[in-house]
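Student: A single structure is presented below for examination.
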Amino acid sequence: MKSIPLWVAVPVTVAIAMPFGLWLGAWSLPLWLAFIVWAEYFALGAKPTVLRVVIPSFLSGVVSAAIALIFSLLVGIALGDAMLVASGDLAFIIGLPVALLPIIYVMQFLPFAQDTGTLPFFNGLSMGLATYFIGIYTNFGGLSLATDSVWLPLITSVPAVLGGLLGAFLGWFNVAIMTPFKRPAAQSAETVAKA
């Protein structure tokens, strides 16, 4: 059977993704994030084996972002009301770089974050930061903490993780529906004609 061309497969994949961002109410996922991970799947080779790199690297990046954000919020507590221009800015200007130093150093020891794993790791890191700073995921799925809680990055990282997993699935699905279906080798043309 012939394969579905890319120009058909992409819209079908987008249609499959839409309910995850539109129908789940408080649990709706950030589709922009899922689409970025989907593109990453293609950028790294568009083969199922890529998922063995993308998923652990991306998830490690999201976890790293949560750790760096928690550290920054603790720095904010230590600094009190100190700020440069906006409330909390000094905490993040100091806290994020200091927290990221050891996180990025440790990355070299994670086998899945080597070579092609670098892109999904940094993507997970940036998406973990994005879902925090965008501010709309602070009450994700009804999970809630006070907006000044140092543990808030744990909640805002949930949509980053779920959106990343959705994106990995979308990448796999997009390629899967473009792959020609093969008849079992043992089936002859005569057997198929009788069916």
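By convention in this document, the chains of the structure tokens carry letters A, B, ... by their order, each chain's residues are numbered from 1, and ligands are numbered from 1 in the order they are shown.
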Which residues are near Gly88 (chain A)? Cut-off 12 Å, only C-alpha atoms, ignore same chain within fewer than 5 positions. Put them as a list in words.
Tutor: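 Near neighbours after the sequence-gap exclusion: Leu69, Ser72, Leu73, Leu74, Val75, Gly76, Ile77, Ala78, Leu79, Gly80, Asp81, Ala82, Met83, Ile93, Ile94, Gly95, Leu96, Phe133 and Asp148 of chain A.
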Student: Since we have the selection now, will you write its residues out, keeping N, CA, C and O atoms, as a compact mmCIF listing (two decimals), in the first residue's frame?
Tutor:
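Generated output (result30.txt):
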```txt
# COMPACT_ATOMS: atom_id res chain seq x y z
N LEU A 69 14.63 26.73 39.17
CA LEU A 69 13.60 27.69 39.59
C LEU A 69 13.39 27.66 41.10
O LEU A 69 13.26 28.72 41.74
N SER A 72 16.19 29.46 42.68
CA SER A 72 16.03 30.91 42.48
C SER A 72 15.00 31.49 43.44
O SER A 72 15.18 32.60 43.96
N LEU A 73 13.92 30.77 43.66
CA LEU A 73 12.90 31.24 44.59
C LEU A 73 13.43 31.26 46.02
O LEU A 73 13.09 32.15 46.81
N LEU A 74 14.29 30.30 46.36
CA LEU A 74 14.94 30.32 47.68
C LEU A 74 15.90 31.51 47.80
O LEU A 74 15.98 32.14 48.86
N VAL A 75 16.60 31.82 46.71
CA VAL A 75 17.45 33.02 46.69
C VAL A 75 16.59 34.25 46.93
O VAL A 75 16.97 35.16 47.67
N GLY A 76 15.41 34.27 46.33
CA GLY A 76 14.48 35.38 46.53
C GLY A 76 14.07 35.55 47.98
O GLY A 76 13.95 36.68 48.46
N ILE A 77 13.88 34.45 48.68
CA ILE A 77 13.54 34.52 50.10
C ILE A 77 14.71 35.12 50.87
O ILE A 77 14.54 35.98 51.73
N ALA A 78 15.93 34.70 50.53
CA ALA A 78 17.13 35.22 51.21
C ALA A 78 17.32 36.71 50.93
O ALA A 78 17.77 37.46 51.80
N LEU A 79 16.98 37.15 49.71
CA LEU A 79 17.18 38.55 49.34
C LEU A 79 16.07 39.47 49.84
O LEU A 79 16.22 40.69 49.84
N GLY A 80 14.96 38.89 50.22
CA GLY A 80 13.84 39.71 50.70
C GLY A 80 13.27 40.56 49.58
O GLY A 80 12.98 40.06 48.49
N ASP A 81 13.14 41.84 49.81
CA ASP A 81 12.53 42.75 48.84
C ASP A 81 13.52 43.33 47.83
O ASP A 81 13.16 44.21 47.04
N ALA A 82 14.77 42.87 47.85
CA ALA A 82 15.78 43.42 46.94
C ALA A 82 15.39 43.16 45.49
O ALA A 82 14.97 42.07 45.13
N MET A 83 15.51 44.22 44.68
CA MET A 83 15.19 44.09 43.27
C MET A 83 15.93 45.16 42.48
O MET A 83 16.40 46.14 43.04
N ILE A 93 17.93 36.62 38.38
CA ILE A 93 19.19 37.01 37.75
C ILE A 93 20.38 36.36 38.45
O ILE A 93 21.35 35.97 37.80
N ILE A 94 20.27 36.18 39.75
CA ILE A 94 21.33 35.51 40.51
C ILE A 94 21.09 34.00 40.55
O ILE A 94 21.99 33.21 40.28
N GLY A 95 19.88 33.61 40.90
CA GLY A 95 19.58 32.21 41.16
C GLY A 95 19.68 31.28 39.97
O GLY A 95 20.26 30.19 40.08
N LEU A 96 19.13 31.69 38.84
CA LEU A 96 19.16 30.80 37.67
C LEU A 96 20.57 30.49 37.20
O LEU A 96 20.93 29.31 37.04
N PHE A 133 7.40 30.66 33.61
CA PHE A 133 7.36 32.11 33.41
C PHE A 133 6.14 32.60 32.61
O PHE A 133 5.78 33.76 32.71
N ASP A 148 3.51 32.35 45.82
CA ASP A 148 4.84 32.64 46.34
C ASP A 148 5.54 31.39 46.89
O ASP A 148 6.60 31.47 47.50
```
Student: Tell me, as a ChimeraX atom specification, which residues lie within 12 Å of Pro102 (chain A), counting only C-alpha atoms; anything in the same chain fewer than 5 positions away does not count.
Tutor: /A:64,67-68,96-97,107-109
Student: Hey, can you spit out that residue selection with all heavy atoms as a short mmCIF file (atom, residue, chain, number, x, y, z; two decimals), in the first residue's frame?
Tutor:
```cif
data_model
loop_
_atom_site.label_atom_id
_atom_site.label_comp_id
_atom_site.auth_asym_id
_atom_site.auth_seq_id
_atom_site.Cartn_x
_atom_site.Cartn_y
_atom_site.Cartn_z
N SER A 64 15.55 19.67 35.54
CA SER A 64 16.62 20.64 35.81
C SER A 64 16.07 22.06 35.92
O SER A 64 16.49 22.83 36.78
CB SER A 64 17.68 20.58 34.70
OG SER A 64 18.29 19.32 34.69
N ILE A 67 14.42 22.44 39.30
CA ILE A 67 15.43 22.59 40.36
C ILE A 67 15.99 24.01 40.35
O ILE A 67 16.12 24.65 41.40
CB ILE A 67 16.55 21.55 40.17
CG1 ILE A 67 16.02 20.15 40.47
CG2 ILE A 67 17.76 21.87 41.06
CD1 ILE A 67 16.95 19.02 40.03
N ALA A 68 16.34 24.51 39.16
CA ALA A 68 16.90 25.86 39.05
C ALA A 68 15.90 26.93 39.50
O ALA A 68 16.27 27.90 40.16
CB ALA A 68 17.36 26.13 37.62
N LEU A 96 19.13 31.69 38.84
CA LEU A 96 19.16 30.80 37.67
C LEU A 96 20.57 30.49 37.20
O LEU A 96 20.93 29.31 37.04
CB LEU A 96 18.29 31.34 36.54
CG LEU A 96 16.78 31.18 36.73
CD1 LEU A 96 16.01 31.86 35.60
CD2 LEU A 96 16.39 29.72 36.85
N PRO A 97 21.44 31.49 36.98
CA PRO A 97 22.81 31.14 36.54
C PRO A 97 23.57 30.30 37.56
O PRO A 97 24.27 29.36 37.18
CB PRO A 97 23.48 32.51 36.36
CG PRO A 97 22.36 33.45 36.11
CD PRO A 97 21.21 32.94 36.93
N MET A 107 25.34 17.45 33.23
CA MET A 107 24.79 16.94 31.98
C MET A 107 25.79 16.08 31.21
O MET A 107 25.41 15.09 30.58
CB MET A 107 24.35 18.14 31.13
CG MET A 107 23.59 17.77 29.90
SD MET A 107 23.16 19.27 29.02
CE MET A 107 24.05 18.98 27.52
N GLN A 108 27.08 16.41 31.30
CA GLN A 108 28.09 15.66 30.56
C GLN A 108 28.21 14.21 31.03
O GLN A 108 28.76 13.37 30.33
CB GLN A 108 29.44 16.37 30.64
CG GLN A 108 30.07 16.37 32.02
CD GLN A 108 31.36 17.15 32.07
OE1 GLN A 108 32.21 16.98 31.20
NE2 GLN A 108 31.49 18.00 33.07
N PHE A 109 27.67 13.91 32.22
CA PHE A 109 27.74 12.56 32.76
C PHE A 109 26.48 11.75 32.48
O PHE A 109 26.40 10.58 32.85
CB PHE A 109 28.03 12.60 34.26
CG PHE A 109 29.31 13.31 34.60
CD1 PHE A 109 29.29 14.56 35.20
CD2 PHE A 109 30.54 12.74 34.26
CE1 PHE A 109 30.47 15.23 35.49
CE2 PHE A 109 31.73 13.41 34.54
CZ PHE A 109 31.69 14.65 35.16
#
```
Student: Give me the residues near region 22-38 of chain A as an mmCIF file with all heavy atoms, in the first residue's frame, where near means some atom within 9 Å (using only C-alpha atoms) and where sequence neighbours in that chain fewer than 6 positions away do not count.
Tutor:
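Just written: around27.cif:
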```cif
data_model
loop_
_atom_site.group_PDB
_atom_site.id
_atom_site.type_symbol
_atom_site.label_atom_id
_atom_site.label_comp_id
_atom_site.auth_asym_id
_atom_site.auth_seq_id
_atom_site.Cartn_x
_atom_site.Cartn_y
_atom_site.Cartn_z
ATOM 1 N N VAL A 14 -1.773 17.119 13.294
ATOM 2 C CA VAL A 14 -2.234 18.319 13.999
ATOM 3 C C VAL A 14 -3.655 18.105 14.515
ATOM 4 O O VAL A 14 -3.975 18.453 15.657
ATOM 5 C CB VAL A 14 -2.146 19.568 13.090
ATOM 6 C CG1 VAL A 14 -2.876 20.752 13.702
ATOM 7 C CG2 VAL A 14 -0.685 19.930 12.831
ATOM 8 N N VAL A 54 15.354 11.329 23.068
ATOM 9 C CA VAL A 54 14.501 12.505 23.275
ATOM 10 C C VAL A 54 13.811 12.476 24.633
ATOM 11 O O VAL A 54 13.873 13.454 25.386
ATOM 12 C CB VAL A 54 13.448 12.643 22.146
ATOM 13 C CG1 VAL A 54 12.409 13.696 22.485
ATOM 14 C CG2 VAL A 54 14.128 12.982 20.827
ATOM 15 N N PHE A 58 14.795 15.172 27.376
ATOM 16 C CA PHE A 58 13.805 16.230 27.561
ATOM 17 C C PHE A 58 13.321 16.262 29.009
ATOM 18 O O PHE A 58 13.271 17.322 29.629
ATOM 19 C CB PHE A 58 12.614 16.020 26.608
ATOM 20 C CG PHE A 58 11.574 17.093 26.721
ATOM 21 C CD1 PHE A 58 11.689 18.263 25.993
ATOM 22 C CD2 PHE A 58 10.485 16.944 27.565
ATOM 23 C CE1 PHE A 58 10.737 19.269 26.106
ATOM 24 C CE2 PHE A 58 9.534 17.939 27.683
ATOM 25 C CZ PHE A 58 9.658 19.103 26.950
ATOM 26 N N PRO A 120 17.419 17.892 22.978
ATOM 27 C CA PRO A 120 16.238 17.696 23.807
ATOM 28 C C PRO A 120 16.448 18.088 25.269
ATOM 29 O O PRO A 120 15.506 18.530 25.938
ATOM 30 C CB PRO A 120 15.895 16.219 23.664
ATOM 31 C CG PRO A 120 17.016 15.586 22.954
ATOM 32 C CD PRO A 120 17.834 16.648 22.315
ATOM 33 N N ASN A 123 16.082 21.765 25.250
ATOM 34 C CA ASN A 123 14.679 22.028 24.945
ATOM 35 C C ASN A 123 13.827 21.804 26.190
ATOM 36 O O ASN A 123 12.950 22.614 26.511
ATOM 37 C CB ASN A 123 14.213 21.126 23.798
ATOM 38 C CG ASN A 123 12.836 21.458 23.314
ATOM 39 O OD1 ASN A 123 12.320 22.546 23.516
ATOM 40 N ND2 ASN A 123 12.217 20.505 22.667
ATOM 41 N N GLY A 124 14.053 20.721 26.904
ATOM 42 C CA GLY A 124 13.329 20.467 28.152
ATOM 43 C C GLY A 124 13.590 21.541 29.186
ATOM 44 O O GLY A 124 12.675 21.994 29.881
ATOM 45 N N MET A 127 11.700 24.638 28.030
ATOM 46 C CA MET A 127 10.249 24.455 28.160
ATOM 47 C C MET A 127 9.829 24.436 29.625
ATOM 48 O O MET A 127 8.755 24.920 29.975
ATOM 49 C CB MET A 127 9.785 23.182 27.452
ATOM 50 C CG MET A 127 9.973 23.204 25.945
ATOM 51 S SD MET A 127 9.076 24.524 25.117
ATOM 52 C CE MET A 127 10.424 25.556 24.580
ATOM 53 N N THR A 131 7.113 27.156 30.894
ATOM 54 C CA THR A 131 5.824 26.884 31.528
ATOM 55 C C THR A 131 5.723 27.534 32.912
ATOM 56 O O THR A 131 4.628 27.766 33.406
ATOM 57 C CB THR A 131 5.537 25.367 31.631
ATOM 58 O OG1 THR A 131 6.640 24.710 32.246
ATOM 59 C CG2 THR A 131 5.257 24.778 30.254
ATOM 60 N N ASN A 139 -1.791 26.741 38.221
ATOM 61 C CA ASN A 139 -2.892 25.994 38.815
ATOM 62 C C ASN A 139 -3.278 24.858 37.874
ATOM 63 O O ASN A 139 -4.444 24.588 37.649
ATOM 64 C CB ASN A 139 -4.082 26.929 39.058
ATOM 65 C CG ASN A 139 -5.120 26.314 39.960
ATOM 66 O OD1 ASN A 139 -4.835 25.401 40.718
ATOM 67 N ND2 ASN A 139 -6.335 26.803 39.859
ATOM 68 N N PHE A 140 -2.286 24.197 37.322
ATOM 69 C CA PHE A 140 -2.502 23.186 36.292
ATOM 70 C C PHE A 140 -3.305 22.009 36.834
ATOM 71 O O PHE A 140 -2.935 21.405 37.833
ATOM 72 C CB PHE A 140 -1.169 22.702 35.721
ATOM 73 C CG PHE A 140 -1.320 21.740 34.582
ATOM 74 C CD1 PHE A 140 -1.779 22.178 33.355
ATOM 75 C CD2 PHE A 140 -1.020 20.399 34.747
ATOM 76 C CE1 PHE A 140 -1.926 21.292 32.293
ATOM 77 C CE2 PHE A 140 -1.156 19.513 33.698
ATOM 78 C CZ PHE A 140 -1.617 19.959 32.460
ATOM 79 N N GLY A 141 -4.397 21.693 36.146
ATOM 80 C CA GLY A 141 -5.215 20.545 36.509
ATOM 81 C C GLY A 141 -5.817 20.601 37.892
ATOM 82 O O GLY A 141 -6.172 19.582 38.460
ATOM 83 N N GLY A 142 -5.915 21.785 38.457
ATOM 84 C CA GLY A 142 -6.438 21.906 39.810
ATOM 85 C C GLY A 142 -5.368 21.735 40.875
ATOM 86 O O GLY A 142 -5.634 21.908 42.066
ATOM 87 N N PRO A 159 2.812 20.317 33.048
ATOM 88 C CA PRO A 159 2.423 20.468 31.645
ATOM 89 C C PRO A 159 3.613 20.396 30.690
ATOM 90 O O PRO A 159 3.460 19.974 29.536
ATOM 91 C CB PRO A 159 1.732 21.828 31.584
ATOM 92 C CG PRO A 159 2.190 22.561 32.788
ATOM 93 C CD PRO A 159 2.468 21.513 33.822
ATOM 94 N N ALA A 160 4.788 20.771 31.154
ATOM 95 C CA ALA A 160 5.985 20.652 30.305
ATOM 96 C C ALA A 160 6.292 19.182 30.039
ATOM 97 O O ALA A 160 6.575 18.789 28.907
ATOM 98 C CB ALA A 160 7.179 21.347 30.946
ATOM 99 N N LEU A 162 4.135 16.550 30.302
ATOM 100 C CA LEU A 162 3.058 15.934 29.524
ATOM 101 C C LEU A 162 3.049 16.432 28.076
ATOM 102 O O LEU A 162 2.849 15.653 27.143
ATOM 103 C CB LEU A 162 1.709 16.200 30.191
ATOM 104 C CG LEU A 162 1.521 15.568 31.579
ATOM 105 C CD1 LEU A 162 0.184 15.981 32.187
ATOM 106 C CD2 LEU A 162 1.655 14.059 31.515
ATOM 107 N N GLY A 163 3.300 17.731 27.884
ATOM 108 C CA GLY A 163 3.379 18.281 26.528
ATOM 109 C C GLY A 163 4.548 17.696 25.749
ATOM 110 O O GLY A 163 4.443 17.424 24.556
ATOM 111 N N GLY A 164 5.669 17.476 26.439
ATOM 112 C CA GLY A 164 6.834 16.865 25.790
ATOM 113 C C GLY A 164 6.561 15.432 25.370
ATOM 114 O O GLY A 164 6.943 15.002 24.277
ATOM 115 N N LEU A 165 5.874 14.679 26.232
ATOM 116 C CA LEU A 165 5.525 13.301 25.886
ATOM 117 C C LEU A 165 4.540 13.268 24.720
ATOM 118 O O LEU A 165 4.651 12.420 23.829
ATOM 119 C CB LEU A 165 4.956 12.572 27.108
ATOM 120 C CG LEU A 165 5.954 12.326 28.247
ATOM 121 C CD1 LEU A 165 5.243 11.742 29.462
ATOM 122 C CD2 LEU A 165 7.091 11.423 27.801
ATOM 123 N N LEU A 166 3.590 14.201 24.713
ATOM 124 C CA LEU A 166 2.662 14.300 23.588
ATOM 125 C C LEU A 166 3.437 14.604 22.305
ATOM 126 O O LEU A 166 3.185 13.995 21.259
ATOM 127 C CB LEU A 166 1.597 15.373 23.841
ATOM 128 C CG LEU A 166 0.651 15.653 22.661
ATOM 129 C CD1 LEU A 166 -0.143 14.409 22.280
ATOM 130 C CD2 LEU A 166 -0.264 16.826 22.988
ATOM 131 N N GLY A 167 4.385 15.527 22.374
ATOM 132 C CA GLY A 167 5.184 15.871 21.195
ATOM 133 C C GLY A 167 5.986 14.692 20.673
ATOM 134 O O GLY A 167 6.087 14.482 19.462
ATOM 135 N N ALA A 168 6.537 13.898 21.582
ATOM 136 C CA ALA A 168 7.280 12.703 21.167
ATOM 137 C C ALA A 168 6.345 11.726 20.462
ATOM 138 O O ALA A 168 6.686 11.157 19.418
ATOM 139 C CB ALA A 168 7.935 12.040 22.379
ATOM 140 N N PHE A 169 5.129 11.562 21.007
ATOM 141 C CA PHE A 169 4.141 10.703 20.357
ATOM 142 C C PHE A 169 3.764 11.252 18.985
ATOM 143 O O PHE A 169 3.660 10.500 18.010
ATOM 144 C CB PHE A 169 2.879 10.560 21.225
ATOM 145 C CG PHE A 169 1.731 9.951 20.468
ATOM 146 C CD1 PHE A 169 1.701 8.582 20.217
ATOM 147 C CD2 PHE A 169 0.714 10.747 19.961
ATOM 148 C CE1 PHE A 169 0.658 8.021 19.486
ATOM 149 C CE2 PHE A 169 -0.334 10.197 19.226
ATOM 150 C CZ PHE A 169 -0.365 8.827 18.987
ATOM 151 N N LEU A 170 3.546 12.562 18.881
ATOM 152 C CA LEU A 170 3.161 13.164 17.601
ATOM 153 C C LEU A 170 4.233 12.932 16.539
ATOM 154 O O LEU A 170 3.919 12.651 15.383
ATOM 155 C CB LEU A 170 2.896 14.660 17.759
ATOM 156 C CG LEU A 170 1.684 15.056 18.600
ATOM 157 C CD1 LEU A 170 1.634 16.570 18.790
ATOM 158 C CD2 LEU A 170 0.394 14.519 18.029
ATOM 159 N N GLY A 171 5.495 13.050 16.924
ATOM 160 C CA GLY A 171 6.581 12.790 15.988
ATOM 161 C C GLY A 171 6.544 11.365 15.491
ATOM 162 O O GLY A 171 6.617 11.100 14.283
ATOM 163 N N TRP A 172 6.420 10.427 16.436
ATOM 164 C CA TRP A 172 6.347 9.012 16.058
ATOM 165 C C TRP A 172 5.125 8.754 15.177
ATOM 166 O O TRP A 172 5.215 8.102 14.141
ATOM 167 C CB TRP A 172 6.289 8.133 17.315
ATOM 168 C CG TRP A 172 5.980 6.717 16.974
ATOM 169 C CD1 TRP A 172 6.863 5.751 16.590
ATOM 170 C CD2 TRP A 172 4.683 6.121 16.919
ATOM 171 N NE1 TRP A 172 6.197 4.587 16.315
ATOM 172 C CE2 TRP A 172 4.849 4.788 16.507
ATOM 173 C CE3 TRP A 172 3.401 6.585 17.188
ATOM 174 C CZ2 TRP A 172 3.782 3.917 16.356
ATOM 175 C CZ3 TRP A 172 2.337 5.720 17.036
ATOM 176 C CH2 TRP A 172 2.530 4.398 16.623
ATOM 177 N N ASN A 174 3.342 10.810 13.305
ATOM 178 C CA ASN A 174 3.454 11.438 11.992
ATOM 179 C C ASN A 174 4.252 10.559 11.032
ATOM 180 O O ASN A 174 3.859 10.363 9.884
ATOM 181 C CB ASN A 174 4.079 12.814 12.143
ATOM 182 C CG ASN A 174 4.041 13.646 10.889
ATOM 183 O OD1 ASN A 174 4.918 14.465 10.662
ATOM 184 N ND2 ASN A 174 3.044 13.477 10.047
#
```
Student: Hey, which of A:Ile103, A:Leu119, A:Phe71, A:Pro180 ends up closest to Pro153 (chain A)? Count only C-alpha atoms.
Tutor: A:Phe71
Student: Identify, with DSSP run on backbone atoms, the residues in chain A assigned to helix (DSSP H, G or I), and express the list as a count of residues only.
Tutor: 142
Student: Let me make sure I understand: among A:Thr116, A:Thr156, A:Ser57, A:Thr49, which one has the smallest atom-to-atom distance to Ser144 (chain A) if we use only C-alpha atoms?
Tutor: A:Thr156
Student: Rank A:Leu145, A:Ala99, A:Gly117, A:Pro48 by their smallest atom-to-atom distance to Ala66 (chain A), using only C-alpha atoms, and report the top residue only.
Tutor: A:Ala99
Student: Take CA of Val8 (chain A) and CA of Pro56 (chain A) and report the distance between them in Å, one decimal.
Tutor: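 One can read the CA of Val8 (chain A) to CA of Pro56 (chain A) distance as 29.9 Å.
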